[in-house]
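Heads up, the thing below is written out as structure tokens.
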Amino acid sequence: MSSPYITLPEFKYLRPKTLDEALAILDRYGEDAKIMAGGVALLSFMKERLIEAKYVVDIKGVRELHYIRFSEGDGLRIGATVTFSEIEDYILQRGLVQRFRALYQGIKKLSDPVLRNRSTLAGNVVEALPIVDGPCLLSVFDSELKIVSSSGSRVVSVSEFISDEGFIDLKPNEIVVEIHIKDPPKGFVSTFRKYNPVTEFSMVSVGMSAIREGGRDLRDVRCVLCAATPKPVRLRRFEDLVSRVSDLRSSIDELLSSVESEAAGFIQDDPYASREFKLHIAKMLILDSLKELRSL
Amino acid sequence: MDKPHSGGEYRYIGKRIPPLDAYEKVLGAAEYTFDLEIPGMFHVKLVHSEYAHARIKSIDYSKAIRVPGVVSVITGRDIPYRVGIYVGDRDLLAIDKVLWIGHPVAAVVAENLRAAEKAAELIEVEYDPLEPVFSVEEALRENAPILHENLDKYRRLPAFNPKPGTNIANYFKLVKGDIDKGFAEADTIVRGRFKLPYISHAYMEPQVVIAWYRYSGDIEIWSSAQSPFAVRSLLSLSLDIPAGKIKVNVPYIGGGFGGKAGLGWEALAAMISRHVGFKPVKLMLSRAEQFKSAPVVPGMVAEAEMGLSRDGRIVAYRAKFLFDSGAFADYTVNISRTAGYACAGSYDIPNILCESYAVYTNKVPTTALRGFGHPENHFVLEHMIDMAARELDQDPVKIRSRNLLKPGVSTTGTGVRLREDAGNPQLVLERISDLLDWTTPEVDPERPWVIRSKGIALSVKGPSQPPNASSSAIVKFNEDASVDVMVGTSNFGQGTVTGLAMMVAEAFGIPLEKVHVKPLRSTDASPYTWQTVGSRGLFTDGLALLEAIEDAKRKIKKIASQALKVDEDHLEIADGKVYVVGKPWISIPLEKIVMGYQFPDGTSVGGPVIGVGRHIAGLTTYLDPETGQGNPTIFYTFGGTGVEVEINILTGEIKVLKAVQVYDIGKAINPLLLEGQAIGGFVMGMSRALYERIIFDEFGSVANPNFSFYYVARAKDAPDNYLIEFVETPQMDGPLGSRGVGENVMISVPVAIANAIYRATGVSIKELPITPERLVKAIREQRPDLFEQAFKAYIDSMV
Amino acid sequence: MATITLKVNNVVRRVEVEDNEILLDVLREKLHVKSVKAACWRGECGLCTVMLNGKPVKSCLVLAVEADGSEIVTAEGLSGRPGELAPIQKAFIEHAALQCGFCTPAFVVVAHYLLTKTRGKVEREEVKEYLSGLICRCTGYKQIIDAVMDARKHYGGEG
Ligand SMILES: Cc1cc2nc3c(=O)[nH]c(=O)nc-3n(C[C@H](O)[C@H](O)[C@H](O)COP(=O)(O)OP(=O)(O)OC[C@H]3O[C@@H](n4cnc5c(N)ncnc54)[C@H](O)[C@@H]3O)c2cc1C
Ligand code: FES
Ligand code: FES
């Protein structure tokens, strides 16, 4: 984050045309090869000398990875090279904003429109730093990553994929080929809140979803706390509690103390905000999200 | 200037005219130093210290020099010079000792930047760590490690007062009246301790210089520098080369804000050029280097005390400013001096004691920023006034009004009687409070946890320049009676150049398109001006230009008088012609005169017309070393800011809803561009108030040297609702009555925002930036009731 | 080393590049296209924005080799006719939406794209959001946003 370089170190650029070709390259070069999708993270980190690569494998030429599909019941399937802008446009044009509301809101607030013309959701999830939004957005939904290597393919959920701050379940010879966001059930509502008044990146963010069946009551609430935590954290006790409350006002204290007890352990001080403040903001964002979901 | 054409009204002056260079700029065709290349030039990459304070044991560049494309590696011992504008404390590359993390210790020169950067990574430096000091308080301690053991040997200007053997780079004291007596008379005393962080200028074009040391011993420089002449004179002084052998060129500048005044990297680049066999070299900083190695803006801590009578008169003011100048105090010594002498702002205070220090610490060196000590001393003063108003239960506008300096009557803090035509501070204040609609704070009925509040602050600023600072200008006619205007003032988009061109078009009654002001300034082709800083450009260079216009007019009339056989004083120039007064049907177009007049028989008189003008500060003086009394500045511009903000008590977010900017600029030469200054200055001030700070980690390293974590205001943060007004109380000796304003427009912004928060909540924030965390914490500490109430209201809204 | 072909502001250019060269640097240093600037080299300031195959991208985070065969447009080529201005550029001049001008080429490119894409039907808040990936340190943005709002009429919107 602090290196002064403007140019990139030397590497060899490879541009496979097929997935098989890409996988063969990874098999051959192992750790020395790094996949590039949008390159926004990869090239920044290489300029910072935080990532080294002897081979940069640009997968944008792999046609079979460039698709985005929606079907009723199955949900959204997004190929690895689809940019955020393309997802944004697709959701809007296909009238899916309400269905994938948190995702759409999150993308709209993710970096900026020009960068989103290059950066991909897959690259974002693989980057997996606490401050990026992709993993958080996917955690609001039931989503899975399809991962392929020359020896086969596997499907993992986002929470399994990210084990800890920046650590992911991905071998050097594997490629994330698809992100599958399952079609949410009837009555599903979702929202995403990002708090970043003093930096580009999120200081605290909260994704929340629930099922609403008439009235203001929510069930199957899912609440994900991000950015302030090393990885997206589901606040399960809070989810449980809030799905059961009948009188919100009398339960507020209980709800907030459950947030505190569950979240506090994950949140750290950093130069931009103290732990206490982030926790306070987390609570505010959670209340705000709750308020919004109840009013949708 | 008379209104020299038929209608009797100004044709250009006072009109909303777009900047003359806008066409080139919207096409991306304007050339900056950033864009320049010289065939065969080498690229330079700096290697930086990783220690805050250490002796250099060894520098091993054996691997670096073997990188293909690398031509040389240079270290501090190769070029052991000290440079600096006011105090020559700065080295070109660290000589034996590093003073901060980011201190350049070596320079790699290569055929391209990729090779240079690759090699820079391979340089190994061994250090012997010394104890560092990171805060002014630590640096002033009795046994603090000393950064500059040779402080007494550095070249410095007489106005500055370093304390060798300590870390004090400058000490300044302003004494007016009897401070003890003043406080003894006071009915109320308010006190405060203030803190401002290090910030970055964040101009967009990075610091960049091309230098070419030639075999002849001449040096040519192209630099993104505000002041080519200052660069030349400093190069000459520090490298001991006659000024006439140095040529400094400055094309368009991609922002400076004070950060490119004085000397940049020119001396280093010049010496590198010589070192690599008299070849041109280009040195450009990356953004991270802009935060870690280039001079940034000093932090400050201050303590102040204000004594008032019951009826709201300020009877005594004491302040102590400690500027954290970092490792070099090059320009910051003058910031500390200026903050000191101008500490009383727009107010008539009988008893003043202001002390100001610039203190060395093992952090990034610092330099000037727009406002130059004024955003700092006004942050203190203008907030203290609001504190006093609350203490005395008086209205902040009224208490200001009661204490304002009265032109022609009051004496300033430095003991000069404020001139009659210095402006109308009362009217400024009145206009701000009217435009702002000075009402009491109110809660947003829809969101009762959000408060809307208004705040105001005044400011006054004049250029802080040496008493003999001067300027010159030339108007040179071409065959088509178009005019080349030559001035020294640089162009970073502040509008000066357009204003000057308008003055010329107006004076000769020629179309603006016929006035040419080239973007390039160079010390051998442009007339001298001391510097383009301190809001002085239009004022001083404008005066020089008016004199040049008069000179050209005289010459034109002389030629025309021979041509028309009419006395010179019966001629006037307007509409691009020379007329006979009272007989406008007798005239000659300027085209026929400005290259000399030719009679029908072929004989000729006169010759090419060139007008020359100059300006020198004149009556400004050095300040008394004991009391700081004297006349420091050629004009004062009074003004101020009003803001309406929305404060979210629960999340600490602050949004500016409305901004009022009022300045008494004497004469608004181009309101369109002035508004641009007022808006740009507002947003810069807002950004400083709410977001900006350089964060140092425990080792003294900049933790956020990028725009992701050093956040500056973006389009989405910018307010839409501005009320901008220019009061026009003419300055008798200003160009067309005008005064400078480029810096003033941001001085009072941060404190106006702090005052708005204070007014709504009673919570006094004395530290910038006002981050949400700081605000929420302060509210919870000082007004728990308010927080609880807001929280309750929020819960109510949920159910 | 590879030879790549780019169409830059309607002119076909062939240039030799190393694999690790950045598009921004190749445009500026090798093709001498100076109407693209830079101020951070890591995606933050947006001043390196160019149109790459019809979309604005930050060229400091694009490899030159990947752009092989692409079409690139910068501020000087925005109108499609050399020396002529696109409507947004005229609006920038009228509104004095620039000071030092260093950010201006990027702002006009992005604003032109937004106005074209939305056929001028865009609200102030959207404009602000859209331009927030670019930094201007001088103007305070208002005149820039005003210029964009005003230029809408030339792109099919109401103005
Ligand atoms: C100024 C700035 C602001 C930003 N703001 C935000 C923000 O607000 N929110 C946010 O979430 N992010 C933000 N980002 C981060 C940015 O959004 C991510 O870096 C981007 O989404 C990464 O996507 P990409 O396609 O560019 O990934 P790349 O840079 O191409 O790749 C990222 C990493 O993933 C690997 N990778 C990529 N694709 C695959 C794949 N299919 N399979 C396996 N590995 C792969 C790469 O090897 C690399 O390690 C910001 C970045 C910048 C520069
Ligand atoms: S230089 Fe590319 S975004 Fe700043
Ligand atoms: S005009 Fe200077 S950065 Fe925008």
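Ligands are numbered from 1 in the order shown, residues from 1 within each chain, and chains are lettered A, B, ... in the order they appear in the structure tokens.
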Residues of chain A were defined as contacting chain C if any atom lay at most 8 Å from it, counting only C-alpha atoms; please report them as a PDB file with N, CA, C and O atoms, in the first residue's frame.
ATOM      1  N   ILE A   6       5.573   2.925 -10.053  1.00  0.00           N
ATOM      2  CA  ILE A   6       4.616   3.308 -11.080  1.00  0.00           C
ATOM      3  C   ILE A   6       4.533   2.221 -12.151  1.00  0.00           C
ATOM      4  O   ILE A   6       3.509   2.016 -12.769  1.00  0.00           O
ATOM      5  N   THR A   7       5.640   1.531 -12.337  1.00  0.00           N
ATOM      6  CA  THR A   7       5.694   0.529 -13.405  1.00  0.00           C
ATOM      7  C   THR A   7       5.592  -0.885 -12.811  1.00  0.00           C
ATOM      8  O   THR A   7       5.683  -1.066 -11.603  1.00  0.00           O
ATOM      9  N   LEU A   8       5.426  -1.829 -13.704  1.00  0.00           N
ATOM     10  CA  LEU A   8       5.280  -3.220 -13.270  1.00  0.00           C
ATOM     11  C   LEU A   8       6.600  -3.965 -13.405  1.00  0.00           C
ATOM     12  O   LEU A   8       7.380  -3.701 -14.315  1.00  0.00           O
ATOM     13  N   PRO A   9       6.814  -4.930 -12.514  1.00  0.00           N
ATOM     14  CA  PRO A   9       7.971  -5.805 -12.698  1.00  0.00           C
ATOM     15  C   PRO A   9       7.789  -6.652 -13.963  1.00  0.00           C
ATOM     16  O   PRO A   9       6.696  -6.678 -14.541  1.00  0.00           O
ATOM     17  N   GLU A  10       8.836  -7.362 -14.328  1.00  0.00           N
ATOM     18  CA  GLU A  10       8.725  -8.135 -15.576  1.00  0.00           C
ATOM     19  C   GLU A  10       7.932  -9.424 -15.379  1.00  0.00           C
ATOM     20  O   GLU A  10       7.984 -10.036 -14.325  1.00  0.00           O
ATOM     21  N   PHE A  11       7.198  -9.794 -16.403  1.00  0.00           N
ATOM     22  CA  PHE A  11       6.479 -11.080 -16.407  1.00  0.00           C
ATOM     23  C   PHE A  11       6.162 -11.406 -17.848  1.00  0.00           C
ATOM     24  O   PHE A  11       6.349 -10.578 -18.750  1.00  0.00           O
ATOM     25  N   LYS A  12       5.681 -12.627 -18.042  1.00  0.00           N
ATOM     26  CA  LYS A  12       5.245 -12.995 -19.384  1.00  0.00           C
ATOM     27  C   LYS A  12       3.727 -12.995 -19.418  1.00  0.00           C
ATOM     28  O   LYS A  12       3.073 -13.503 -18.502  1.00  0.00           O
ATOM     29  N   TYR A  13       3.178 -12.393 -20.441  1.00  0.00           N
ATOM     30  CA  TYR A  13       1.719 -12.288 -20.571  1.00  0.00           C
ATOM     31  C   TYR A  13       1.191 -13.437 -21.422  1.00  0.00           C
ATOM     32  O   TYR A  13       1.707 -13.688 -22.510  1.00  0.00           O
ATOM     33  N   GLY A  39      -7.978  -7.267 -13.719  1.00  0.00           N
ATOM     34  CA  GLY A  39      -6.621  -6.793 -13.456  1.00  0.00           C
ATOM     35  C   GLY A  39      -6.552  -5.635 -12.474  1.00  0.00           C
ATOM     36  O   GLY A  39      -5.465  -5.195 -12.117  1.00  0.00           O
ATOM     37  N   VAL A  40      -7.679  -5.171 -12.032  1.00  0.00           N
ATOM     38  CA  VAL A  40      -7.695  -3.995 -11.149  1.00  0.00           C
ATOM     39  C   VAL A  40      -6.914  -4.281  -9.864  1.00  0.00           C
ATOM     40  O   VAL A  40      -6.061  -3.497  -9.450  1.00  0.00           O
ATOM     41  N   LEU A  43      -3.005  -5.912 -10.949  1.00  0.00           N
ATOM     42  CA  LEU A  43      -1.998  -4.951 -11.408  1.00  0.00           C
ATOM     43  C   LEU A  43      -1.652  -3.946 -10.300  1.00  0.00           C
ATOM     44  O   LEU A  43      -0.502  -3.571 -10.146  1.00  0.00           O
ATOM     45  N   SER A  44      -2.650  -3.541  -9.513  1.00  0.00           N
ATOM     46  CA  SER A  44      -2.334  -2.642  -8.386  1.00  0.00           C
ATOM     47  C   SER A  44      -1.354  -3.318  -7.449  1.00  0.00           C
ATOM     48  O   SER A  44      -0.355  -2.728  -7.041  1.00  0.00           O
ATOM     49  N   SER A 111     -16.457   0.579  -5.571  1.00  0.00           N
ATOM     50  CA  SER A 111     -15.475   1.459  -6.215  1.00  0.00           C
ATOM     51  C   SER A 111     -16.196   2.547  -7.001  1.00  0.00           C
ATOM     52  O   SER A 111     -16.932   3.313  -6.406  1.00  0.00           O
ATOM     53  N   ASP A 112     -16.050   2.595  -8.315  1.00  0.00           N
ATOM     54  CA  ASP A 112     -16.723   3.653  -9.062  1.00  0.00           C
ATOM     55  C   ASP A 112     -17.078   3.131 -10.448  1.00  0.00           C
ATOM     56  O   ASP A 112     -16.552   2.105 -10.870  1.00  0.00           O
ATOM     57  N   PRO A 113     -17.950   3.834 -11.156  1.00  0.00           N
ATOM     58  CA  PRO A 113     -18.456   3.294 -12.421  1.00  0.00           C
ATOM     59  C   PRO A 113     -17.368   3.010 -13.454  1.00  0.00           C
ATOM     60  O   PRO A 113     -17.522   2.076 -14.249  1.00  0.00           O
ATOM     61  N   VAL A 114     -16.305   3.789 -13.444  1.00  0.00           N
ATOM     62  CA  VAL A 114     -15.265   3.556 -14.455  1.00  0.00           C
ATOM     63  C   VAL A 114     -14.483   2.280 -14.131  1.00  0.00           C
ATOM     64  O   VAL A 114     -14.262   1.433 -14.998  1.00  0.00           O
ATOM     65  N   LEU A 115     -14.117   2.130 -12.881  1.00  0.00           N
ATOM     66  CA  LEU A 115     -13.420   0.892 -12.505  1.00  0.00           C
ATOM     67  C   LEU A 115     -14.300  -0.326 -12.723  1.00  0.00           C
ATOM     68  O   LEU A 115     -13.824  -1.395 -13.096  1.00  0.00           O
ATOM     69  N   ASN A 117     -16.135  -0.948 -15.018  1.00  0.00           N
ATOM     70  CA  ASN A 117     -16.094  -1.423 -16.405  1.00  0.00           C
ATOM     71  C   ASN A 117     -15.009  -2.473 -16.627  1.00  0.00           C
ATOM     72  O   ASN A 117     -14.950  -3.093 -17.686  1.00  0.00           O
ATOM     73  N   ARG A 118     -14.120  -2.618 -15.666  1.00  0.00           N
ATOM     74  CA  ARG A 118     -13.055  -3.613 -15.802  1.00  0.00           C
ATOM     75  C   ARG A 118     -13.152  -4.710 -14.755  1.00  0.00           C
ATOM     76  O   ARG A 118     -12.895  -5.876 -15.041  1.00  0.00           O
TER      77      ARG A 118
END
Once you count only C-alpha atoms, which residues of chain B turn out to be within 8 Å of chain C? Could you give them as a ChimeraX atom specification? /B:18-19,22-23,25-31,35,202-206,252-255,286-288,491-495,672-673,676-677,679-684,706-708,712-716,718-720
Contact set, chain A to chain B: 8 Å, only C-alpha atoms, as a PyMOL selection string: chain A and resi 1-9+197-201+248-249+271+273+277+281+284+291
Test item, strand (DSSP E) assignment across segment 44-102 of chain C, answer as a ChimeraX atom specification: /C:49-52,55-58,71-73
Pick out each residue of segment 31-261 of chain A that DSSP on the backbone tags as alpha helix (DSSP H); I need them as a VMD selection string. chain A and resid 40 to 47 84 to 93 101 to 108 121 to 127 134 to 140 158 to 161 236 to 244 248 to 261
With a distance cut-off of 7 Å and only C-alpha atoms, select the neighbouring residues of segment 131-143 of chain A, excluding the residue or stretch itself and same-chain residues fewer than 4 positions from it, and output the selection as a list of chain:residue names.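 Near segment 131-143 of chain A, the qualifying residues are A:Ala102, A:Leu103, A:Gly106, A:Leu110, A:Leu121, A:Asn124, A:Val125, A:Ser157, A:Val158, A:His180, A:Ile181, A:Lys182, A:Phe201, A:Ser202, A:Gly207, A:Met208, A:Ser209, A:Arg222, A:Val224, A:Cys226, A:Ala227, A:Pro232.
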Near Ala122 of chain A, counting only C-alpha atoms, which residues have an atom at most 9 Å away, once you skip same-chain residues fewer than 6 positions from it, shown as a short mmCIF file (atom, residue, chain, number, x, y, z; two decimals) with N, CA, C and O atoms, in the first residue's frame?
data_model
loop_
_atom_site.label_atom_id
_atom_site.label_comp_id
_atom_site.auth_asym_id
_atom_site.auth_seq_id
_atom_site.Cartn_x
_atom_site.Cartn_y
_atom_site.Cartn_z
N ALA A 37 -8.22 -11.21 -14.33
CA ALA A 37 -9.54 -10.97 -14.93
C ALA A 37 -9.56 -9.50 -15.31
O ALA A 37 -8.96 -9.11 -16.30
N ILE A 78 -23.07 -16.25 -13.18
CA ILE A 78 -22.20 -15.20 -13.71
C ILE A 78 -20.82 -15.79 -14.01
O ILE A 78 -20.15 -16.32 -13.11
N GLY A 79 -20.42 -15.73 -15.26
CA GLY A 79 -19.10 -16.24 -15.66
C GLY A 79 -17.99 -15.37 -15.10
O GLY A 79 -18.19 -14.20 -14.77
N ALA A 80 -16.81 -15.95 -15.05
CA ALA A 80 -15.69 -15.32 -14.33
C ALA A 80 -15.25 -14.00 -14.92
O ALA A 80 -14.69 -13.17 -14.21
N THR A 81 -15.47 -13.77 -16.20
CA THR A 81 -14.92 -12.53 -16.77
C THR A 81 -15.96 -11.43 -16.93
O THR A 81 -15.70 -10.39 -17.53
N VAL A 82 -17.13 -11.67 -16.36
CA VAL A 82 -18.18 -10.64 -16.45
C VAL A 82 -17.84 -9.49 -15.51
O VAL A 82 -17.52 -9.71 -14.34
N THR A 83 -17.90 -8.29 -16.02
CA THR A 83 -17.55 -7.13 -15.18
C THR A 83 -18.73 -6.71 -14.32
O THR A 83 -19.89 -7.05 -14.61
N GLY A 134 -17.53 -7.74 -2.54
CA GLY A 134 -18.09 -8.91 -3.22
C GLY A 134 -18.49 -10.04 -2.29
O GLY A 134 -19.65 -10.50 -2.31
N LEU A 145 -19.56 -20.85 -5.59
CA LEU A 145 -18.58 -20.65 -6.64
C LEU A 145 -18.32 -22.00 -7.28
O LEU A 145 -18.18 -23.02 -6.60
N VAL A 176 -11.77 -20.02 -10.67
CA VAL A 176 -13.19 -19.83 -10.38
C VAL A 176 -13.86 -19.54 -11.72
O VAL A 176 -13.50 -18.57 -12.39
N VAL A 177 -14.76 -20.40 -12.12
CA VAL A 177 -15.34 -20.19 -13.45
C VAL A 177 -16.72 -19.54 -13.39
O VAL A 177 -17.15 -18.89 -14.34
N GLU A 178 -17.41 -19.76 -12.28
CA GLU A 178 -18.78 -19.25 -12.25
C GLU A 178 -19.18 -18.90 -10.84
O GLU A 178 -18.77 -19.54 -9.87
N ILE A 179 -20.01 -17.87 -10.75
CA ILE A 179 -20.64 -17.55 -9.48
C ILE A 179 -22.13 -17.78 -9.66
O ILE A 179 -22.74 -17.28 -10.61
#
Any idea what's packed within 8 Å of Val190 of chain B, counting only C-alpha atoms, ignoring anything in its chain fewer than 2 positions away? Could you give it as a PyMOL selection string? chain B and resi 188+192+305-307+384+387-388+391
Restricting it to N, CA and C atoms, dump the selection as a PDB file, in the first residue's frame.
ATOM      1  N   THR B 188     -14.552  37.722  31.220  1.00  0.00           N
ATOM      2  CA  THR B 188     -14.671  36.292  30.898  1.00  0.00           C
ATOM      3  C   THR B 188     -13.427  35.874  30.139  1.00  0.00           C
ATOM      4  N   GLY B 192      -8.765  27.289  24.803  1.00  0.00           N
ATOM      5  CA  GLY B 192      -8.910  26.097  23.959  1.00  0.00           C
ATOM      6  C   GLY B 192      -7.566  25.560  23.518  1.00  0.00           C
ATOM      7  N   GLU B 305      -6.140  31.648  24.435  1.00  0.00           N
ATOM      8  CA  GLU B 305      -6.934  32.213  25.526  1.00  0.00           C
ATOM      9  C   GLU B 305      -7.488  33.527  25.040  1.00  0.00           C
ATOM     10  N   MET B 306      -8.754  33.747  25.305  1.00  0.00           N
ATOM     11  CA  MET B 306      -9.338  35.008  24.861  1.00  0.00           C
ATOM     12  C   MET B 306     -10.075  35.636  26.032  1.00  0.00           C
ATOM     13  N   GLY B 307      -9.758  36.894  26.292  1.00  0.00           N
ATOM     14  CA  GLY B 307     -10.435  37.588  27.375  1.00  0.00           C
ATOM     15  C   GLY B 307     -11.413  38.609  26.805  1.00  0.00           C
ATOM     16  N   MET B 384     -12.717  30.279  18.815  1.00  0.00           N
ATOM     17  CA  MET B 384     -12.690  30.907  20.154  1.00  0.00           C
ATOM     18  C   MET B 384     -13.783  31.972  20.256  1.00  0.00           C
ATOM     19  N   MET B 387     -16.924  30.326  20.920  1.00  0.00           N
ATOM     20  CA  MET B 387     -16.946  29.860  22.317  1.00  0.00           C
ATOM     21  C   MET B 387     -17.265  31.024  23.250  1.00  0.00           C
ATOM     22  N   ALA B 388     -16.648  32.151  22.960  1.00  0.00           N
ATOM     23  CA  ALA B 388     -16.890  33.332  23.784  1.00  0.00           C
ATOM     24  C   ALA B 388     -18.352  33.773  23.678  1.00  0.00           C
ATOM     25  N   GLU B 391     -20.379  31.570  25.800  1.00  0.00           N
ATOM     26  CA  GLU B 391     -20.085  31.868  27.204  1.00  0.00           C
ATOM     27  C   GLU B 391     -20.834  33.127  27.660  1.00  0.00           C
TER      28      GLU B 391
END
Determine, counting only C-alpha atoms, which protein, DNA and RNA residues have an atom within 9 Å of an atom of Val751 of chain B; residues of the same chain fewer than 3 positions away are not included. Present the result as a PyMOL selection string. chain B and resi 375+378-380+382-383+455-457+689+747-748+754-756
Using the selection just defined, write its residues with N, CA, C and O atoms as a tab-separated table (two decimals), in the first residue's frame.
chain	number	residue	atom	x	y	z
B	375	PRO	N	-5.47	29.37	7.56
B	375	PRO	CA	-6.46	28.37	7.95
B	375	PRO	C	-6.20	27.92	9.38
B	375	PRO	O	-7.12	27.65	10.14
B	378	HIS	N	-6.86	30.98	11.94
B	378	HIS	CA	-8.30	31.27	11.93
B	378	HIS	C	-9.11	30.14	12.54
B	378	HIS	O	-10.17	30.37	13.11
B	379	PHE	N	-8.64	28.92	12.38
B	379	PHE	CA	-9.36	27.80	12.99
B	379	PHE	C	-9.43	28.02	14.50
B	379	PHE	O	-10.45	27.78	15.14
B	380	VAL	N	-8.35	28.53	15.04
B	380	VAL	CA	-8.30	28.80	16.47
B	380	VAL	C	-9.16	30.02	16.81
B	380	VAL	O	-10.10	29.95	17.59
B	382	GLU	N	-11.37	31.94	15.15
B	382	GLU	CA	-12.79	32.03	14.80
B	382	GLU	C	-13.64	31.05	15.62
B	382	GLU	O	-14.83	31.25	15.78
B	383	HIS	N	-13.01	30.01	16.10
B	383	HIS	CA	-13.78	29.13	16.98
B	383	HIS	C	-13.82	29.68	18.41
B	383	HIS	O	-14.84	29.58	19.08
B	455	GLY	N	-23.30	27.91	10.54
B	455	GLY	CA	-22.12	28.46	11.20
B	455	GLY	C	-21.45	29.47	10.29
B	455	GLY	O	-21.59	29.41	9.07
B	456	ILE	N	-20.76	30.41	10.91
B	456	ILE	CA	-20.01	31.36	10.08
B	456	ILE	C	-18.61	31.54	10.62
B	456	ILE	O	-18.32	31.24	11.78
B	457	ALA	N	-17.76	32.04	9.77
B	457	ALA	CA	-16.42	32.43	10.20
B	457	ALA	C	-15.90	33.45	9.20
B	457	ALA	O	-16.22	33.39	8.01
B	689	ALA	N	-11.79	19.89	6.29
B	689	ALA	CA	-12.54	19.86	7.54
B	689	ALA	C	-13.02	18.45	7.87
B	689	ALA	O	-13.01	18.05	9.03
B	747	ILE	N	-9.92	29.64	3.70
B	747	ILE	CA	-9.40	29.81	5.06
B	747	ILE	C	-10.47	29.55	6.13
B	747	ILE	O	-10.24	28.84	7.09
B	748	SER	N	-11.63	30.15	5.92
B	748	SER	CA	-12.64	30.10	6.98
B	748	SER	C	-13.59	28.91	6.87
B	748	SER	O	-14.48	28.76	7.69
B	754	ALA	N	-16.99	23.73	11.80
B	754	ALA	CA	-16.89	23.42	13.24
B	754	ALA	C	-17.85	24.30	14.04
B	754	ALA	O	-18.48	23.84	15.00
B	755	ASN	N	-17.97	25.55	13.64
B	755	ASN	CA	-18.87	26.46	14.35
B	755	ASN	C	-20.34	26.07	14.19
B	755	ASN	O	-21.13	26.23	15.11
B	756	ALA	N	-20.67	25.55	13.02
B	756	ALA	CA	-22.06	25.12	12.82
B	756	ALA	C	-22.37	23.94	13.74
B	756	ALA	O	-23.46	23.87	14.34
Rounded to one decimal in Å, what is the spacing between atom CA of Gly666 of chain B and atom CA of Met732 of chain B?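 Computing it gives 8.9 Å between the two atoms.
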